[in-house]
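*Asks:* Sharing structure.txt, compact mmCIF, C-alpha atoms:
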# COMPACT_ATOMS: atom_id res chain seq x y z
CA MET Q 127 166.11 63.98 80.44
CA ASP Q 128 169.23 65.71 81.67
CA PRO Q 129 168.72 66.17 85.45
CA LEU Q 130 170.97 69.22 85.39
CA HIS Q 131 169.10 71.04 82.69
CA GLN Q 132 166.83 72.57 85.32
CA PHE Q 133 169.76 74.45 86.82
CA GLN Q 134 170.58 76.36 83.68
CA ILE Q 135 170.40 80.12 83.91
CA LYS Q 136 168.28 81.43 81.07
CA SER Q 137 168.18 85.11 80.34
CA ILE Q 138 164.76 86.72 80.07
CA PHE Q 139 165.78 90.34 79.44
CA ASN Q 140 169.31 90.96 78.28
CA PHE Q 141 171.12 93.94 79.63
CA SER Q 142 174.50 94.75 81.03
CA ILE Q 143 176.25 97.30 83.17
CA GLY Q 144 179.50 98.28 81.52
CA HIS Q 145 180.86 95.05 80.15
CA THR Q 146 179.27 92.92 82.80
CA ASP Q 147 176.25 90.89 81.80
CA VAL Q 148 173.52 91.33 84.41
CA SER Q 149 170.60 90.01 82.37
CA PHE Q 150 167.33 89.39 84.16
CA SER Q 151 167.18 85.58 84.19
CA ASN Q 152 164.94 82.79 85.45
CA SER Q 153 166.98 82.95 88.67
CA SER Q 154 166.36 86.69 89.00
CA LEU Q 155 162.67 86.12 88.36
CA SER Q 156 162.49 83.68 91.29
CA MET Q 157 164.33 86.13 93.54
CA VAL Q 158 162.00 88.98 92.66
CA ALA Q 159 159.03 86.63 93.11
CA VAL Q 160 160.26 85.80 96.62
CA VAL Q 161 160.57 89.49 97.47
CA VAL Q 162 157.01 90.09 96.23
CA ILE Q 163 155.61 87.02 98.00
CA VAL Q 164 157.26 87.71 101.35
CA TYR Q 165 156.42 91.40 101.33
CA THR Q 166 152.83 90.77 100.18
CA LEU Q 167 152.35 88.07 102.78
CA MET Q 168 153.52 90.33 105.58
CA MET Q 169 151.56 93.35 104.39
CA LEU Q 170 148.34 91.47 103.64
CA GLY Q 171 148.62 89.68 106.95
CA MET Q 172 149.12 92.94 108.81
CA ARG Q 173 146.47 94.83 106.83
CA SER Q 174 143.88 94.70 109.58
CA ARG Q 175 146.40 94.83 112.46
CA SER Q 176 143.79 93.21 114.63
CA VAL Q 177 144.35 92.15 118.18
CA VAL Q 178 142.76 88.81 117.39
CA PRO Q 179 144.61 87.70 114.25
CA GLY Q 180 143.04 86.12 111.19
CA ARG Q 181 144.61 83.29 109.22
CA LEU Q 182 147.03 85.36 107.15
CA GLN Q 183 147.96 87.56 110.09
CA SER Q 184 148.63 84.45 112.17
CA LEU Q 185 150.98 83.22 109.45
CA ALA Q 186 152.86 86.51 109.38
CA GLU Q 187 153.03 86.57 113.17
CA VAL Q 188 154.11 82.94 113.43
CA LEU Q 189 156.93 83.67 110.98
CA TYR Q 190 157.91 86.72 113.01
CA GLU Q 191 157.77 84.94 116.35
CA PHE Q 192 159.63 81.94 114.98
CA VAL Q 193 162.60 83.92 113.69
CA SER Q 194 162.49 86.22 116.69
CA GLY Q 195 162.54 83.21 119.04
CA THR Q 196 165.34 81.50 117.12
CA LEU Q 197 167.47 84.64 117.29
CA ARG Q 198 166.72 85.23 120.98
CA ASP Q 199 167.34 81.61 122.00
CA ASN Q 200 170.59 81.26 120.07
CA ALA Q 201 172.16 84.69 120.14
CA GLY Q 202 170.55 86.43 123.09
CA HIS Q 203 168.89 89.83 123.41
CA GLU Q 204 171.98 91.72 122.33
CA ALA Q 205 171.58 90.32 118.83
CA ARG Q 206 168.19 92.03 118.48
CA PRO Q 207 169.48 94.76 116.10
CA PHE Q 208 170.21 92.00 113.58
CA PHE Q 209 166.65 90.74 113.65
CA PRO Q 210 165.56 92.38 110.36
CA PHE Q 211 168.59 90.91 108.63
CA VAL Q 212 168.05 87.43 110.06
CA PHE Q 213 164.36 87.61 109.22
CA THR Q 214 165.13 88.65 105.65
CA LEU Q 215 167.70 85.87 105.36
CA PHE Q 216 165.31 83.22 106.65
CA THR Q 217 162.31 84.23 104.56
CA PHE Q 218 164.42 84.78 101.44
CA ILE Q 219 165.95 81.30 101.64
CA LEU Q 220 162.78 79.58 102.85
CA PHE Q 221 160.57 80.97 100.10
CA GLY Q 222 163.34 80.53 97.53
CA ASN Q 223 163.49 76.85 98.46
CA VAL Q 224 159.74 76.40 98.63
CA ILE Q 225 158.74 78.10 95.39
CA GLY Q 226 161.49 76.05 93.75
CA MET Q 227 159.30 73.02 94.46
CA ILE Q 228 156.73 74.30 91.98
CA PRO Q 229 157.45 72.70 88.59
CA TRP Q 230 159.30 74.99 86.14
CA VAL Q 231 160.10 77.49 88.86
CA PHE Q 232 163.82 78.06 89.16
CA THR Q 233 165.42 77.32 92.54
CA PHE Q 234 168.00 80.07 92.98
CA THR Q 235 169.33 78.49 96.18
CA SER Q 236 170.59 75.55 94.10
CA HIS Q 237 173.43 77.73 92.82
CA ILE Q 238 176.64 77.84 94.82
CA ILE Q 239 177.35 81.43 93.88
CA VAL Q 240 174.09 82.60 95.49
CA THR Q 241 174.47 80.61 98.70
CA PHE Q 242 178.15 81.48 98.91
CA ALA Q 243 177.43 85.17 98.52
CA MET Q 244 174.95 85.02 101.38
CA ALA Q 245 177.32 82.93 103.52
CA ILE Q 246 180.28 85.22 102.91
CA PHE Q 247 178.13 88.21 103.77
CA VAL Q 248 177.14 86.56 107.05
CA PHE Q 249 180.79 85.71 107.67
CA LEU Q 250 181.98 89.26 107.03
CA LEU Q 251 179.15 90.69 109.10
CA VAL Q 252 179.86 88.58 112.18
CA THR Q 253 183.60 89.15 111.89
CA LEU Q 254 182.99 92.89 111.68
CA VAL Q 255 180.66 92.75 114.68
CA ALA Q 256 183.28 90.84 116.65
CA ILE Q 257 186.07 93.28 115.78
CA VAL Q 258 183.91 96.34 116.48
CA ARG Q 259 182.78 94.97 119.84
CA HIS Q 260 186.03 93.43 121.02
CA GLY Q 261 188.79 95.06 119.00
CA VAL Q 262 192.09 93.23 119.08
CA LYS Q 263 190.76 90.87 121.71
CA PHE Q 264 188.84 89.15 118.92
CA PHE Q 265 192.06 87.65 117.58
CA THR Q 266 192.81 86.08 120.96
CA SER Q 267 189.72 83.91 120.55
CA PHE Q 268 191.70 81.73 118.16
CA MET Q 269 193.79 80.58 121.12
CA PRO Q 270 191.61 78.55 123.52
CA HIS Q 271 191.99 79.28 127.23
CA GLY Q 272 194.04 77.00 129.47
CA VAL Q 273 195.96 75.35 126.67
CA PRO Q 274 199.75 74.97 127.02
CA MET Q 275 201.66 77.59 125.08
CA TRP Q 276 203.61 75.06 123.02
CA LEU Q 277 200.36 73.84 121.44
CA ALA Q 278 199.70 77.30 119.98
CA PRO Q 279 201.46 76.68 116.64
CA ILE Q 280 199.13 73.76 116.04
CA LEU Q 281 195.91 75.05 117.62
CA ILE Q 282 195.88 78.53 116.17
CA PRO Q 283 195.99 77.39 112.52
CA ILE Q 284 193.28 74.85 113.27
CA GLU Q 285 191.06 77.49 114.83
CA VAL Q 286 191.71 79.91 111.98
CA VAL Q 287 190.97 77.32 109.31
CA SER Q 288 187.90 76.25 111.24
CA TYR Q 289 186.71 79.85 111.39
CA MET Q 290 187.44 80.45 107.71
CA SER Q 291 185.61 77.31 106.66
CA ARG Q 292 182.36 78.60 108.10
CA PRO Q 293 181.12 80.34 104.94
CA ILE Q 294 182.16 77.32 102.86
CA SER Q 295 180.25 74.80 104.92
CA LEU Q 296 177.32 77.18 105.28
CA SER Q 297 177.00 77.76 101.55
CA ILE Q 298 177.74 74.22 100.40
CA ARG Q 299 175.23 72.72 102.82
CA LEU Q 300 172.35 74.74 101.39
CA PHE Q 301 173.35 74.57 97.72
CA ALA Q 302 174.20 70.85 97.78
CA ASN Q 303 170.94 69.94 99.51
CA MET Q 304 168.82 71.90 97.07
CA MET Q 305 170.69 70.73 93.99
CA ALA Q 306 170.80 67.09 95.03
CA GLY Q 307 167.11 67.05 95.90
CA HIS Q 308 166.01 68.61 92.66
CA ALA Q 309 168.35 66.44 90.58
CA MET Q 310 167.05 63.34 92.34
CA MET Q 311 163.43 64.21 91.65
CA LYS Q 312 164.29 64.80 88.03
CA VAL Q 313 166.12 61.46 87.80
CA PHE Q 314 163.14 59.57 89.19
CA ALA Q 315 160.78 61.45 86.90
CA GLY Q 316 163.12 60.49 84.02
CA PHE Q 317 162.77 56.81 84.96
CA VAL Q 318 159.07 56.98 84.13
CA ILE Q 319 159.81 58.18 80.61
CA LEU Q 320 162.55 55.57 80.21
CA MET Q 321 160.21 52.80 81.32
CA VAL Q 322 157.37 53.84 79.07
CA SER Q 323 159.59 54.25 76.03
CA GLY Q 324 161.53 51.07 76.77
CA MET Q 325 158.82 48.66 77.94
CA GLY Q 326 155.76 49.85 76.10
CA ALA Q 327 152.43 49.09 77.76
CA ALA Q 328 154.10 47.36 80.73
CA GLY Q 329 156.03 50.57 81.28
CA TYR Q 330 152.84 52.39 82.19
CA VAL Q 331 152.35 49.92 85.06
CA ALA Q 332 156.00 49.78 86.13
CA GLY Q 333 156.27 53.55 85.85
CA ALA Q 334 153.94 53.90 88.83
CA LEU Q 335 156.85 52.95 91.08
CA PRO Q 336 159.12 55.93 90.31
CA VAL Q 337 156.06 58.16 90.49
CA ALA Q 338 155.35 56.84 93.98
CA VAL Q 339 158.99 57.48 94.94
CA ASN Q 340 158.71 61.00 93.58
CA VAL Q 341 155.58 61.65 95.62
CA ALA Q 342 157.54 60.75 98.74
CA LEU Q 343 160.49 62.81 97.52
CA VAL Q 344 158.33 65.90 97.08
CA GLY Q 345 157.28 65.67 100.71
CA PHE Q 346 160.84 65.05 101.77
CA GLU Q 347 162.13 67.96 99.71
CA LEU Q 348 159.56 70.29 101.23
CA MET Q 349 160.93 69.34 104.62
CA VAL Q 350 164.49 69.88 103.38
CA ALA Q 351 163.46 73.25 101.96
CA PHE Q 352 162.33 74.38 105.41
CA LEU Q 353 165.10 72.64 107.30
CA GLN Q 354 167.93 74.08 105.24
CA ALA Q 355 166.55 77.59 105.55
CA TYR Q 356 166.31 77.01 109.30
CA VAL Q 357 169.84 75.59 109.53
CA PHE Q 358 171.26 78.54 107.62
CA THR Q 359 169.42 80.90 109.94
CA ILE Q 360 170.30 79.16 113.18
CA LEU Q 361 173.99 78.96 112.23
CA THR Q 362 173.92 82.67 111.44
CA CYS Q 363 172.46 83.23 114.92
CA LEU Q 364 175.16 81.09 116.52
CA TYR Q 365 177.90 82.95 114.66
CA LEU Q 366 176.33 86.21 115.84
CA LYS Q 367 176.40 84.93 119.40
CA ASP Q 368 180.07 84.02 119.02
CA ALA Q 369 180.77 87.49 117.71
CA ILE Q 370 178.86 89.23 120.51
CA HIS Q 371 180.21 87.10 123.35
CA LEU Q 372 183.71 86.00 122.55
CA HIS Q 373 184.27 82.65 124.16
CA MET R 102 160.60 73.41 117.44
CA LYS R 103 164.11 72.74 118.54
CA ILE R 104 166.63 71.16 116.26
CA MET R 105 170.05 70.52 117.63
CA ILE R 106 172.88 71.28 115.29
CA THR R 107 175.47 69.14 116.93
CA GLY R 108 178.83 69.66 115.39
CA PRO R 109 182.03 68.25 116.78
CA ALA R 110 183.45 69.91 119.86
CA ARG R 111 184.57 73.46 119.23
CA GLY R 112 187.59 73.68 117.00
CA GLY R 113 189.54 70.50 116.70
CA TRP R 114 190.35 68.16 113.90
CA ALA R 115 186.84 66.74 113.73
CA ARG R 116 185.42 69.94 112.30
CA ILE R 117 188.11 70.24 109.66
CA ALA R 118 187.77 66.58 108.78
CA GLY R 119 184.01 67.09 108.43
CA THR R 120 184.46 70.05 106.14
CA VAL R 121 187.05 68.27 104.04
CA ALA R 122 184.89 65.16 103.79
CA MET R 123 181.90 67.24 102.77
CA ALA R 124 183.91 69.07 100.13
CA ALA R 125 185.28 65.78 98.83
CA ILE R 126 181.82 64.21 98.59
CA LEU R 127 180.51 67.29 96.84
CA LEU R 128 183.39 67.25 94.40
CA LEU R 129 182.72 63.58 93.64
CA VAL R 130 179.03 64.22 93.11
CA THR R 131 179.73 67.27 91.00
CA VAL R 132 182.28 65.52 88.82
CA GLY R 133 180.03 62.48 88.54
CA ILE R 134 177.04 64.50 87.45
CA ALA R 135 179.14 66.63 85.14
CA MET R 136 180.54 63.53 83.45
CA ALA R 137 177.09 62.01 83.22
CA SER R 138 175.68 65.06 81.53
CA ASP R 139 178.68 65.24 79.20
CA ALA R 140 178.01 61.64 78.29
CA GLY R 141 174.42 62.68 77.63
CA GLY R 142 175.69 64.80 74.77
CA HIS R 143 175.59 68.26 76.35
CA LYS R 144 178.67 70.32 75.87
CA ALA R 145 177.96 72.39 79.01
CA GLY R 146 178.99 70.95 82.35
CA LEU R 147 177.40 71.73 85.68
CA PRO R 148 175.45 75.00 85.28
CA GLN R 149 176.50 75.94 88.82
CA LEU R 150 180.14 76.09 87.69
CA ASP R 151 179.48 78.33 84.72
CA THR R 152 181.21 81.55 85.74
CA ALA R 153 179.54 83.52 82.95
CA THR R 154 176.19 83.49 84.74
CA MET R 155 177.61 84.43 88.11
CA PRO R 156 177.59 88.25 87.78
CA THR R 157 173.90 88.38 86.89
CA GLN R 158 173.03 86.08 89.78
CA LEU R 159 175.05 88.15 92.21
CA PHE R 160 173.62 91.38 90.88
CA TRP R 161 170.01 90.28 91.22
CA LEU R 162 170.69 88.61 94.54
CA VAL R 163 171.97 91.89 95.94
CA VAL R 164 169.11 93.87 94.38
CA SER R 165 166.36 91.58 95.61
CA PHE R 166 167.88 90.85 99.01
CA VAL R 167 168.53 94.51 99.78
CA THR R 168 165.05 95.44 98.56
CA LEU R 169 163.47 92.78 100.73
CA TYR R 170 165.61 93.88 103.68
CA PHE R 171 164.47 97.47 103.48
CA LEU R 172 160.85 96.57 102.80
CA LEU R 173 160.78 94.27 105.79
CA SER R 174 162.85 96.30 108.25
CA GLY R 175 161.28 99.59 107.24
CA VAL R 176 157.63 98.70 106.71
CA ALA R 177 156.50 95.17 107.45
CA LEU R 178 158.35 94.17 110.61
CA PRO R 179 157.59 97.35 112.61
CA GLN R 180 153.90 96.70 111.90
CA VAL R 181 154.10 93.15 113.21
CA GLU R 182 156.03 94.36 116.21
CA GLU R 183 153.49 97.09 116.85
CA VAL R 184 150.61 94.62 116.69
CA ILE R 185 152.33 92.14 118.98
CA THR R 186 153.35 94.87 121.43
CA ASN R 187 149.82 96.26 121.38
CA ARG R 188 148.42 92.84 122.03
CA ASP R 189 150.81 92.19 124.90
CA GLY R 190 149.92 95.60 126.34
CA ARG R 191 146.24 94.93 125.83
CA ILE R 192 146.49 91.55 127.52
CA ALA R 193 148.40 93.05 130.45
CA TRP R 194 145.82 95.85 130.69
CA ASP R 195 142.96 93.36 130.52
CA ILE R 196 144.49 91.23 133.23
CA GLY R 197 145.05 94.31 135.39
CA LYS R 198 141.50 95.47 134.77
CA ALA R 199 140.13 92.02 135.54
CA ASP R 200 142.09 91.98 138.78
CA GLU R 201 140.77 95.40 139.70
CA MET R 202 137.23 94.29 138.96
CA ARG R 203 137.70 91.15 140.97
CA VAL R 204 138.78 93.17 144.00
CA GLU R 205 135.88 95.55 143.47
CA SER R 206 133.36 92.76 143.14
CA ASN R 207 134.74 91.10 146.24
CA ALA R 208 134.22 94.34 148.14
CA ILE R 209 130.68 94.60 146.80
CA LEU R 210 130.02 91.00 147.70
CA ALA R 211 131.28 91.59 151.25
CA GLY R 212 129.03 94.69 151.48
CA ASN R 213 126.09 92.67 150.22
CA GLU R 214 126.76 89.98 152.73
CA LYS R 215 126.77 92.55 155.51
CA LEU R 216 123.60 94.15 154.19
CA LEU R 217 121.95 90.77 154.00
CA GLU R 218 123.02 89.99 157.54
CA GLU R 219 121.55 93.25 158.76
CA ALA R 220 118.37 92.73 156.84
CA ARG R 221 118.04 89.26 158.24
CA ALA R 222 118.54 90.50 161.79
CA ARG R 223 116.02 93.25 161.24
CA ALA R 224 113.52 90.87 159.71
CA TYR R 225 113.90 88.55 162.67
CA GLU R 226 113.31 91.43 165.04
CA ILE R 227 110.21 92.54 163.16
CA VAL R 228 108.87 89.01 163.08
CA SER R 229 109.39 88.54 166.80
CA ILE R 230 107.71 91.87 167.64
CA THR R 231 104.80 91.16 165.35
CA SER R 232 104.25 87.71 166.72
CA GLY R 233 104.20 89.21 170.29
CA GLU R 234 101.60 91.71 169.22
CA GLY R 235 99.65 88.99 167.52
CA GLN R 236 99.65 86.89 170.61
CA ALA R 237 98.45 89.77 172.75
CA SER R 238 95.60 90.68 170.43
CA SER R 239 94.51 87.09 169.99
CA LYS R 240 94.40 86.71 173.75
CA LEU R 241 92.18 89.75 174.01
CA LEU R 242 89.93 88.43 171.27
CA MET R 243 89.74 85.12 173.00
CA GLN R 244 88.75 86.76 176.27
CA ARG R 245 86.08 88.79 174.51
CA PHE R 246 84.83 85.76 172.77
CA GLU R 247 84.68 83.77 176.00
CA ALA R 248 82.84 86.55 177.81
CA ASP R 249 80.42 86.86 174.97
CA LEU R 250 79.92 83.14 174.90
CA ALA R 251 79.21 82.99 178.67
CA ARG R 252 76.71 85.84 178.42
CA ARG R 253 74.86 84.25 175.55
CA THR R 254 74.83 80.89 177.28
CA LYS R 255 73.25 82.46 180.33
CA GLU R 256 70.61 84.19 178.24
CA VAL R 257 69.77 81.01 176.40
CA GLU R 258 69.62 79.04 179.64
CA ALA R 259 67.24 81.65 181.14
CA ARG R 260 65.00 81.50 178.09
CA ILE R 261 64.97 77.70 178.13
CA SER R 262 64.03 77.62 181.82
CA SER R 263 61.22 80.18 181.37
CA ILE R 264 59.87 78.23 178.39
CA LYS R 265 60.08 75.07 180.48
CA MET R 266 58.15 76.73 183.36
CA THR R 267 55.45 77.92 181.00
CA ALA R 268 55.27 74.50 179.39
CA ILE R 269 54.98 72.80 182.80
CA ALA R 270 52.27 75.21 183.94
CA GLY R 271 50.36 74.59 180.68
CA LEU R 272 50.74 70.86 181.25
CA ASP R 273 48.97 70.96 184.65
CA LYS R 274 45.92 72.59 183.12
CA THR R 275 45.81 70.09 180.27
CA ILE R 276 46.14 67.15 182.66
CA ALA R 277 43.34 68.57 184.85
CA GLU R 278 41.00 68.85 181.89
CA LEU R 279 41.97 65.39 180.72
CA ALA R 280 41.35 63.99 184.22
CA ARG R 281 37.97 65.69 184.46
CA ASP R 282 37.03 64.41 181.09
CA VAL R 283 38.08 60.86 181.88
CA VAL R 284 36.12 60.90 185.21
CA SER R 285 32.97 62.26 183.58
CA ARG R 286 33.10 59.65 180.85
CA LEU R 287 33.89 56.72 183.10
CA ALA R 288 31.97 57.63 186.25
CA GLY R 289 29.51 60.01 184.78
CA ILE R 290 30.12 62.56 187.44
CA GLU R 291 31.22 66.14 187.24
CA ILE R 292 34.07 67.00 189.58
CA ASP R 293 35.24 70.29 190.83
CA ASN R 294 38.37 71.87 189.57
CA ALA R 295 39.75 72.14 193.07
CA VAL R 296 39.46 68.39 193.61
CA VAL R 297 41.31 67.66 190.38
CA ALA R 298 44.07 70.09 191.28
CA GLU R 299 44.46 68.41 194.67
CA ALA R 300 44.59 64.97 193.09
CA ILE R 301 47.29 66.15 190.71
CA ASN R 302 49.27 67.59 193.58
CA ILE R 303 48.99 64.29 195.47
CA ALA R 304 50.12 62.38 192.31
CA LYS R 305 53.05 64.73 191.84
CA LYS R 306 54.10 64.22 195.43
CA GLU R 307 53.85 60.45 195.08
CA ARG R 308 55.99 60.58 191.92
CA ASN R 309 58.55 62.66 193.56
Show how you would write the structure in this file as structure tokens.

*Replies:*
Amino acid sequence: MDPLHQFQIKSIFNFSIGHTDVSFSNSSLSMVAVVVIVYTLMMLGMRSRSVVPGRLQSLAEVLYEFVSGTLRDNAGHEARPFFPFVFTLFTFILFGNVIGMIPWVFTFTSHIIVTFAMAIFVFLLVTLVAIVRHGVKFFTSFMPHGVPMWLAPILIPIEVVSYMSRPISLSIRLFANMMAGHAMMKVFAGFVILMVSGMGAAGYVAGALPVAVNVALVGFELMVAFLQAYVFTILTCLYLKDAIHLH
Amino acid sequence: MKIMITGPARGGWARIAGTVAMAAILLLVTVGIAMASDAGGHKAGLPQLDTATMPTQLFWLVVSFVTLYFLLSGVALPQVEEVITNRDGRIAWDIGKADEMRVESNAILAGNEKLLEEARARAYEIVSITSGEGQASSKLLMQRFEADLARRTKEVEARISSIKMTAIAGLDKTIAELARDVVSRLAGIEIDNAVVAEAINIAKKERN
């Protein structure tokens, strides 16, 4: 009945490195499953390498073209070396979100630590790219062009805070969406049990309503699963563009 | 598919306000849910805030993400790229080839047209020559036929006239006998052939 119970990390195989517990948990299982699914999908799809693609190959190619197009449209051709990373990011989050929709499968993207780790990695990566490409000039990007000098004490902190908040907004957006969606579905599913136990036979009739809501929610959550993976990816692309072409 | 991520104008207070508002809402939700689950009798709060499970999540995140990255960048993505590049190359080659063939077929078509034109001209020539020859020969035939026809007509006319003469000569004799016979029966006298012949001559003259 507890809508948060589904987010609990449950160890499957206990083991630790040094004193740190790194047990293989339900979350780890989902992550490994995503790796297997994505890799299998790509390899099975590309098995025949035919000029005229079959169904699975089309899927693999559509995924490739989609991420490739997103990166090209938002970050330009110079961001091409980051394509494998962006592709991995997109498929990892997308399939993590989607397999989380299967009952009893753990949604690892519903944990802030996971999304934050990915977001901070993206943040560090783009900052590194910016510094490597532009050196000290990167720090001048915190002072917008054509602004009076006396505004600098106000504008520079704003720009810096705005820049620093990127990984926070990036990670919270994904985690909060996934957690809220899954909690909501669980709450509506819980209503059915409440109605049946509270109203008896009438509850079986009335319970159809939350079930209907949940049916709609499942469709909605599938859309959110895709959309949030896409948003995470497209923002990564935009940050990459900012890092490559300082504005 | 194009989804616009429209944030507030670059930098500015709006972005900070948005982030702060989002964090505040999240905090409210988190606290709310945590309190609700506490009220439900669970001693644990929000599982997401349990720092004890964070190392294992981070560890497996890094392991799986890095594995996926190397599997994709090293094996899977180059294959897709190869296939797509091959296809693009193949399409370009096909288009080039088709263009080449089109030019070639146009040339062949032009050649055919020329050949056809020549053949037509030649056929016309042959037809005109042949029809000239035909006319000449038919004229000759016609002349032969006409000559033949005239000759035969003459022959037939000659034969008819000779038969007519013979028939007329035979007729005189028959009439003479008939006359003699009639006279002997009616008058009971025998008359000389010479008399009959004279009478016939006189009758002929009177008729004419």

*Asks:* Can you find the residues with an atom no farther than 10 Å from (181.4, 88.4, 112.0), counting all atoms listed in the file, and report them as a ChimeraX atom specification?

*Replies:* /Q:246-258,362,365-370

*Asks:* Pick from R:Ala118, R:Lys305, R:Ser232, R:Met155: nearest to chain Q, with all atoms listed in the file counted?

*Replies:*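 Going through R:Ala118, R:Lys305, R:Ser232, R:Met155 one by one, the smallest distance to chain Q is for R:Met155.
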
*Asks:* Residues of chain R no more than 7 Å from chain Q, counting only C-alpha atoms: send them over as a tab-separated table (two decimals) with C-alpha atoms, keeping the file's coordinate frame.

*Replies:*
chain	number	residue	atom	x	y	z
R	112	GLY	CA	187.59	73.68	117.00
R	113	GLY	CA	189.54	70.50	116.70
R	116	ARG	CA	185.42	69.94	112.30
R	117	ILE	CA	188.11	70.24	109.66
R	120	THR	CA	184.46	70.05	106.14
R	138	SER	CA	175.68	65.06	81.53
R	147	LEU	CA	177.40	71.73	85.68
R	148	PRO	CA	175.45	75.00	85.28
R	149	GLN	CA	176.50	75.94	88.82
R	154	THR	CA	176.19	83.49	84.74
R	155	MET	CA	177.61	84.43	88.11
R	156	PRO	CA	177.59	88.25	87.78
R	157	THR	CA	173.90	88.38	86.89
R	158	GLN	CA	173.03	86.08	89.78
R	159	LEU	CA	175.05	88.15	92.21
R	160	PHE	CA	173.62	91.38	90.88
R	161	TRP	CA	170.01	90.28	91.22
R	162	LEU	CA	170.69	88.61	94.54
R	165	SER	CA	166.36	91.58	95.61
R	169	LEU	CA	163.47	92.78	100.73
R	170	TYR	CA	165.61	93.88	103.68
R	172	LEU	CA	160.85	96.57	102.80
R	173	LEU	CA	160.78	94.27	105.79
R	174	SER	CA	162.85	96.30	108.25
R	177	ALA	CA	156.50	95.17	107.45
R	180	GLN	CA	153.90	96.70	111.90
R	181	VAL	CA	154.10	93.15	113.21
R	184	VAL	CA	150.61	94.62	116.69
R	188	ARG	CA	148.42	92.84	122.03

*Asks:* Report the distance between atom CA of Phe264 of chain Q and atom CA of Leu372 of chain Q in Å, rounded to one decimal place.

*Replies:*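 Value for the atom CA of Phe264 of chain Q-atom CA of Leu372 of chain Q distance: 7.0 Å.
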
*Asks:* For Val284 of chain R, which residue out of R:Arg253, R:Glu182, R:Val296, R:Arg308 is the nearest one, using only C-alpha atoms?

*Replies:*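 Once distances to Val284 of chain R are computed over only C-alpha atoms, the minimum belongs to R:Val296.
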
*Asks:* May I ask for the distance between atom CA of Val341 of chain Q and atom CA of Ala315 of chain Q, given in Å to one decimal place?

*Replies:*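 It comes out at 10.2 Å.
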
*Asks:* Enter the distance from atom CA of Leu320 of chain Q to atom CA of His308 of chain Q, in Å, rounded to one decimal.

*Replies:*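 So the two atoms, atom CA of Leu320 of chain Q and atom CA of His308 of chain Q, lie 18.4 Å apart.
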
*Asks:* With only C-alpha atoms as the basis for distance, which of R:Ile269, R:Leu178, R:Ala251, R:Ala122 is at the shortest distance from Val193 of chain Q?

*Replies:* R:Leu178

*Asks:* Name the closest residue to Ile225 of chain Q among the candidates Q:Ala338, Q:Leu182, Q:Met304, Q:Ile280; distances are taken between atoms, counting only C-alpha atoms.

*Replies:*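 So, comparing all the options, the nearest one is Q:Met304.
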
*Asks:* Can you fill out segment 222-233 of chain R with N, CA and C atoms and hand it back as a PDB file, in the coordinates of the input?

*Replies:*
ATOM      1  N   ALA R 222     118.713  90.197 160.364  1.00  0.00           N
ATOM      2  CA  ALA R 222     118.540  90.500 161.790  1.00  0.00           C
ATOM      3  C   ALA R 222     117.290  91.346 161.998  1.00  0.00           C
ATOM      4  N   ARG R 223     117.164  92.324 161.116  1.00  0.00           N
ATOM      5  CA  ARG R 223     116.020  93.250 161.240  1.00  0.00           C
ATOM      6  C   ARG R 223     114.714  92.494 161.015  1.00  0.00           C
ATOM      7  N   ALA R 224     114.723  91.637 160.015  1.00  0.00           N
ATOM      8  CA  ALA R 224     113.520  90.870 159.710  1.00  0.00           C
ATOM      9  C   ALA R 224     113.144  89.993 160.901  1.00  0.00           C
ATOM     10  N   TYR R 225     114.133  89.427 161.526  1.00  0.00           N
ATOM     11  CA  TYR R 225     113.900  88.550 162.670  1.00  0.00           C
ATOM     12  C   TYR R 225     113.237  89.331 163.808  1.00  0.00           C
ATOM     13  N   GLU R 226     113.810  90.532 163.995  1.00  0.00           N
ATOM     14  CA  GLU R 226     113.310  91.430 165.040  1.00  0.00           C
ATOM     15  C   GLU R 226     111.838  91.736 164.789  1.00  0.00           C
ATOM     16  N   ILE R 227     111.576  92.155 163.519  1.00  0.00           N
ATOM     17  CA  ILE R 227     110.210  92.540 163.160  1.00  0.00           C
ATOM     18  C   ILE R 227     109.268  91.356 163.379  1.00  0.00           C
ATOM     19  N   VAL R 228     109.713  90.196 162.956  1.00  0.00           N
ATOM     20  CA  VAL R 228     108.870  89.010 163.080  1.00  0.00           C
ATOM     21  C   VAL R 228     108.571  88.739 164.549  1.00  0.00           C
ATOM     22  N   SER R 229     109.609  88.864 165.380  1.00  0.00           N
ATOM     23  CA  SER R 229     109.390  88.540 166.800  1.00  0.00           C
ATOM     24  C   SER R 229     108.439  89.544 167.449  1.00  0.00           C
ATOM     25  N   ILE R 230     108.603  90.837 167.100  1.00  0.00           N
ATOM     26  CA  ILE R 230     107.710  91.870 167.640  1.00  0.00           C
ATOM     27  C   ILE R 230     106.279  91.592 167.208  1.00  0.00           C
ATOM     28  N   THR R 231     106.130  91.357 165.912  1.00  0.00           N
ATOM     29  CA  THR R 231     104.800  91.160 165.350  1.00  0.00           C
ATOM     30  C   THR R 231     104.112  89.963 165.991  1.00  0.00           C
ATOM     31  N   SER R 232     104.866  88.916 166.177  1.00  0.00           N
ATOM     32  CA  SER R 232     104.250  87.710 166.720  1.00  0.00           C
ATOM     33  C   SER R 232     103.825  87.975 168.182  1.00  0.00           C
ATOM     34  N   GLY R 233     104.567  88.810 168.931  1.00  0.00           N
ATOM     35  CA  GLY R 233     104.200  89.210 170.290  1.00  0.00           C
ATOM     36  C   GLY R 233     102.877  89.957 170.271  1.00  0.00           C
TER      37      GLY R 233
END
